[in-house]
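Q: First the structure, which I've put down as structure tokens, then a few questions once you've had a look.
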Amino acid sequence: MTQTKTYHIPPTPLIPNSPHPILHYPGLLLPLIQSPSFTPLAIHTLFKSNDWHTQWIVRYDVTQPAHYHATTHEVMAVISGEGATIRIGVADLESESSNDNHEKGGIEIQAQLGDVFVVPAGVAHKTYNPVPESKGFEQLLRADGHLGSDEEAEKRLKGVRLDGGFMMMGAYPEGCDWDWGAPGEWKGREEEVWNVKVPERDPVLGSSGEGMVGLWRKGKGKL
């Protein structure tokens, strides 16, 4: 049985967040990642089998701007490193480089190797304080993070080498293109974000009721 943690995050003045909970599967991919033959291509294949498509691998720096995707849900898998803090549900204030100056509310999760996070459209997230110490923020698939076909992703994935830094790998559902939502940008249009279509399959658990299919399709959630 899969361990699934859920987190409901209400809207803030600057962030739409979502009636759907964030889903956290602690250590779910650890057996796969610890295989001697592991490469990120194995996780890409898993995502692809559930109609989610890899778009990025990132090695994280000490901080990044809080952001959200208004037009798509997202999955993030920790594929390298020991851990990092992910702050969820609130916008940065004044300075993107500060890890302390943010809206009230939200939660912090300590992400570890093998963890998977399914993030609903509209939910803000910010990854910072990676362990081990960062070697610098780097997109390891493509500079702008937007890939085209699965074939292009597979070709580029063959060249990705895990260097021990804290890295995550991200994918989006079939037919979705991700944006970068600015704080307050969707004010007054939150329902457009909340009504982004729920995919037919969870990116890692497929049609299992333990995942997104069961937990998001039971109802419209809560705010």
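Ordering of the structure tokens sets the chain letters (A, B, ...); residue numbers start at 1 within each chain; ligands are numbered from 1 in the order shown.
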Report as JSON lines the residues of stretch 54-118 of chain A within 7 Å of stretch 180-200 of chain A, each with its shortest atom pair and distance in Å (one decimal), using only C-alpha atoms, ordered by chain and increasing residue number.
A:
```
{"residue": "A:His67", "atom": "CA", "partner": "A:Gly181", "partner_atom": "CA", "distance": 6.0}
{"residue": "A:Tyr68", "atom": "CA", "partner": "A:Gly181", "partner_atom": "CA", "distance": 5.1}
{"residue": "A:His69", "atom": "CA", "partner": "A:Trp180", "partner_atom": "CA", "distance": 5.4}
{"residue": "A:Ala70", "atom": "CA", "partner": "A:Val193", "partner_atom": "CA", "distance": 5.3}
{"residue": "A:Thr71", "atom": "CA", "partner": "A:Val193", "partner_atom": "CA", "distance": 6.4}
{"residue": "A:Thr72", "atom": "CA", "partner": "A:Val196", "partner_atom": "CA", "distance": 6.5}
{"residue": "A:Ala91", "atom": "CA", "partner": "A:Pro183", "partner_atom": "CA", "distance": 6.3}
```
Q: Among stretch 27-219 of chain A, which residues does DSSP mark as helix (DSSP H, G or I) when it is run on the backbone? Keep the chain and numbering as in the structure and answer as an NGL selection string.
A: :A and (30-33 or 40-49 or 150-157 or 190-194 or 212-217)
Q: Keeping N, CA and C atoms for every residue in the selection just given, could you write it to a file as a compact mmCIF listing (two decimals), in the first residue's frame?
A:
```txt
# COMPACT_ATOMS: atom_id res chain seq x y z
N LEU A 30 12.25 5.43 -4.35
CA LEU A 30 13.58 5.11 -3.82
C LEU A 30 14.10 3.76 -4.33
N PRO A 31 13.29 2.68 -4.35
CA PRO A 31 13.83 1.42 -4.88
C PRO A 31 14.31 1.53 -6.33
N LEU A 32 13.58 2.30 -7.13
CA LEU A 32 13.97 2.48 -8.52
C LEU A 32 15.28 3.27 -8.62
N ILE A 33 15.37 4.37 -7.83
CA ILE A 33 16.53 5.25 -7.90
C ILE A 33 17.79 4.56 -7.37
N PRO A 40 17.57 8.71 -15.13
CA PRO A 40 16.29 9.41 -15.14
C PRO A 40 15.33 8.91 -16.21
N LEU A 41 15.86 8.24 -17.22
CA LEU A 41 15.00 7.71 -18.28
C LEU A 41 13.97 6.73 -17.71
N ALA A 42 14.30 6.04 -16.61
CA ALA A 42 13.36 5.09 -16.02
C ALA A 42 12.13 5.81 -15.47
N ILE A 43 12.32 6.97 -14.86
CA ILE A 43 11.19 7.74 -14.34
C ILE A 43 10.41 8.37 -15.48
N HIS A 44 11.11 8.84 -16.48
CA HIS A 44 10.43 9.35 -17.67
C HIS A 44 9.51 8.29 -18.27
N THR A 45 9.98 7.06 -18.34
CA THR A 45 9.17 5.96 -18.89
C THR A 45 7.93 5.73 -18.04
N LEU A 46 8.08 5.80 -16.72
CA LEU A 46 6.94 5.65 -15.82
C LEU A 46 5.93 6.77 -16.03
N PHE A 47 6.38 8.01 -16.07
CA PHE A 47 5.49 9.14 -16.33
C PHE A 47 4.76 8.95 -17.67
N LYS A 48 5.53 8.61 -18.69
CA LYS A 48 4.98 8.47 -20.04
C LYS A 48 3.90 7.40 -20.10
N SER A 49 4.08 6.32 -19.33
CA SER A 49 3.09 5.23 -19.33
C SER A 49 1.75 5.69 -18.77
N ASP A 150 8.24 13.55 -26.62
CA ASP A 150 8.88 12.58 -25.76
C ASP A 150 10.21 12.11 -26.35
N GLU A 151 10.28 12.03 -27.65
CA GLU A 151 11.50 11.58 -28.30
C GLU A 151 12.65 12.55 -28.01
N GLU A 152 12.34 13.84 -28.02
CA GLU A 152 13.38 14.83 -27.71
C GLU A 152 13.80 14.70 -26.26
N ALA A 153 12.83 14.51 -25.36
CA ALA A 153 13.15 14.32 -23.95
C ALA A 153 14.05 13.11 -23.75
N GLU A 154 13.70 12.00 -24.41
CA GLU A 154 14.47 10.76 -24.25
C GLU A 154 15.90 10.94 -24.76
N LYS A 155 16.05 11.65 -25.86
CA LYS A 155 17.38 11.90 -26.40
C LYS A 155 18.21 12.70 -25.42
N ARG A 156 17.62 13.74 -24.83
CA ARG A 156 18.36 14.59 -23.91
C ARG A 156 18.60 13.91 -22.56
N LEU A 157 17.66 13.09 -22.14
CA LEU A 157 17.81 12.39 -20.86
C LEU A 157 19.02 11.47 -20.86
N GLU A 190 -9.72 33.01 -10.17
CA GLU A 190 -9.24 31.80 -9.51
C GLU A 190 -9.97 30.54 -9.98
N GLU A 191 -11.27 30.68 -10.29
CA GLU A 191 -12.02 29.47 -10.67
C GLU A 191 -11.52 28.87 -11.97
N GLU A 192 -10.95 29.69 -12.84
CA GLU A 192 -10.36 29.14 -14.06
C GLU A 192 -9.22 28.19 -13.71
N VAL A 193 -8.44 28.57 -12.71
CA VAL A 193 -7.33 27.74 -12.27
C VAL A 193 -7.86 26.49 -11.57
N TRP A 194 -8.84 26.67 -10.69
CA TRP A 194 -9.38 25.55 -9.93
C TRP A 194 -10.06 24.51 -10.81
N MET A 212 -4.00 10.31 -7.20
CA MET A 212 -4.77 11.45 -7.69
C MET A 212 -6.16 11.06 -8.17
N VAL A 213 -6.26 9.92 -8.84
CA VAL A 213 -7.54 9.50 -9.40
C VAL A 213 -8.60 9.38 -8.31
N GLY A 214 -8.25 8.72 -7.21
CA GLY A 214 -9.19 8.57 -6.12
C GLY A 214 -9.36 9.82 -5.28
N LEU A 215 -8.23 10.51 -5.01
CA LEU A 215 -8.26 11.62 -4.06
C LEU A 215 -8.73 12.93 -4.67
N TRP A 216 -8.56 13.11 -5.98
CA TRP A 216 -9.02 14.34 -6.63
C TRP A 216 -10.39 14.17 -7.29
N ARG A 217 -10.74 12.95 -7.68
CA ARG A 217 -11.99 12.75 -8.42
C ARG A 217 -13.18 12.45 -7.51
```
Q: How many Å lie between atom CA of A:Ile57 and atom CA of A:Asn101, rounded to one decimal?
A: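 Separation between atom CA of A:Ile57 and atom CA of A:Asn101: 26.7 Å.
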Q: Just to confirm, what's the straight-line distance from atom CA of A:His102 to atom CA of A:Ala171 in Å (one decimal)?
A: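 Separation of atom CA of A:His102 and atom CA of A:Ala171: 26.5 Å.
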Q: For A:Thr4, find every residue with an atom within 12 Å (counting only C-alpha atoms), except residues of its own chain fewer than 5 positions away, and show them as a list in words.
A: Pro21, Ile22, Leu23, His24, Tyr25, Pro26, Gly27, Leu28, Asp115, Val116, Phe117, Val118, Leu205, Ser208, Gly209, Glu210, Gly211, Met212, Gly214 and Leu215 of chain A
Q: Once you have the residues from the selection above, write them out as a compact mmCIF listing (two decimals), in the first residue's frame, restricted to C-alpha atoms.
A:
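So result13.txt came out as:
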```txt
# COMPACT_ATOMS: atom_id res chain seq x y z
CA PRO A 21 -4.79 18.68 -2.06
CA ILE A 22 -1.12 18.40 -2.83
CA LEU A 23 -0.19 14.72 -2.86
CA HIS A 24 3.11 13.58 -1.35
CA TYR A 25 4.35 10.03 -1.80
CA PRO A 26 7.36 9.74 0.57
CA GLY A 27 10.19 7.61 -0.81
CA LEU A 28 7.98 6.01 -3.44
CA ASP A 115 9.78 11.52 -2.85
CA VAL A 116 7.08 12.40 -5.38
CA PHE A 117 4.86 15.50 -5.22
CA VAL A 118 1.73 15.98 -7.33
CA LEU A 205 0.19 5.35 -9.50
CA SER A 208 -5.03 3.47 -8.45
CA GLY A 209 -7.48 5.02 -6.03
CA GLU A 210 -4.60 5.62 -3.62
CA GLY A 211 -3.43 8.50 -5.79
CA MET A 212 -4.77 11.45 -7.69
CA GLY A 214 -9.19 8.57 -6.12
CA LEU A 215 -8.26 11.62 -4.06
```
Q: Near A:Phe166, counting only C-alpha atoms, which residues have an atom at most 6 Å away, once you skip same-chain residues fewer than 3 positions from it, shown as a list in words?
A: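 Residues near the query, excluding close chain neighbours: Arg59, Tyr60, Ser80, Gly81 and Pro130 of chain A.
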Q: Report the residues of stretch 139-207 of chain A whose backbone DSSP state falls under strand (DSSP E), written as a PyMOL selection string.
A: chain A and resi 139+167-173
Q: Next, dump the selected residues to file, keeping only N, CA, C and O atoms, as a compact mmCIF listing (two decimals), in the first residue's frame.
A:
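Output contents, as saved in selection-v8.txt:
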```txt
# COMPACT_ATOMS: atom_id res chain seq x y z
N GLN A 139 19.36 24.05 -15.24
CA GLN A 139 18.42 23.23 -15.99
C GLN A 139 19.23 22.20 -16.76
O GLN A 139 20.11 22.55 -17.55
N MET A 167 18.39 17.30 -6.90
CA MET A 167 17.76 17.44 -8.21
C MET A 167 16.34 16.91 -8.16
O MET A 167 16.05 15.91 -7.49
N MET A 168 15.47 17.57 -8.89
CA MET A 168 14.13 17.06 -9.13
C MET A 168 13.85 17.02 -10.62
O MET A 168 14.47 17.73 -11.41
N MET A 169 12.89 16.17 -10.94
CA MET A 169 12.49 15.93 -12.33
C MET A 169 11.00 16.23 -12.42
O MET A 169 10.23 15.81 -11.54
N GLY A 170 10.56 16.97 -13.43
CA GLY A 170 9.17 17.39 -13.50
C GLY A 170 8.49 17.00 -14.80
O GLY A 170 9.12 16.90 -15.86
N ALA A 171 7.18 16.77 -14.70
CA ALA A 171 6.38 16.39 -15.87
C ALA A 171 4.98 16.98 -15.75
O ALA A 171 4.55 17.37 -14.65
N TYR A 172 4.27 17.00 -16.88
CA TYR A 172 2.94 17.59 -16.97
C TYR A 172 2.02 16.66 -17.76
O TYR A 172 2.49 15.87 -18.58
N PRO A 173 0.71 16.76 -17.53
CA PRO A 173 -0.21 15.85 -18.22
C PRO A 173 -0.25 16.07 -19.72
O PRO A 173 0.06 17.15 -20.22
```
Q: Quick one: distance from atom CA of A:Lys135 to atom CA of A:Val78 in Å, one decimal?
A: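 Computing the Euclidean distance for atom CA of A:Lys135 and atom CA of A:Val78 yields 16.6 Å.
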Q: Go through A:Val131, A:Ile107, A:Ile88, A:Val119 and flag the residue nearest A:Met76, using only C-alpha atoms for the distances.
A: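 Comparing A:Val131, A:Ile107, A:Ile88, A:Val119 against A:Met76, the winner is A:Val119.
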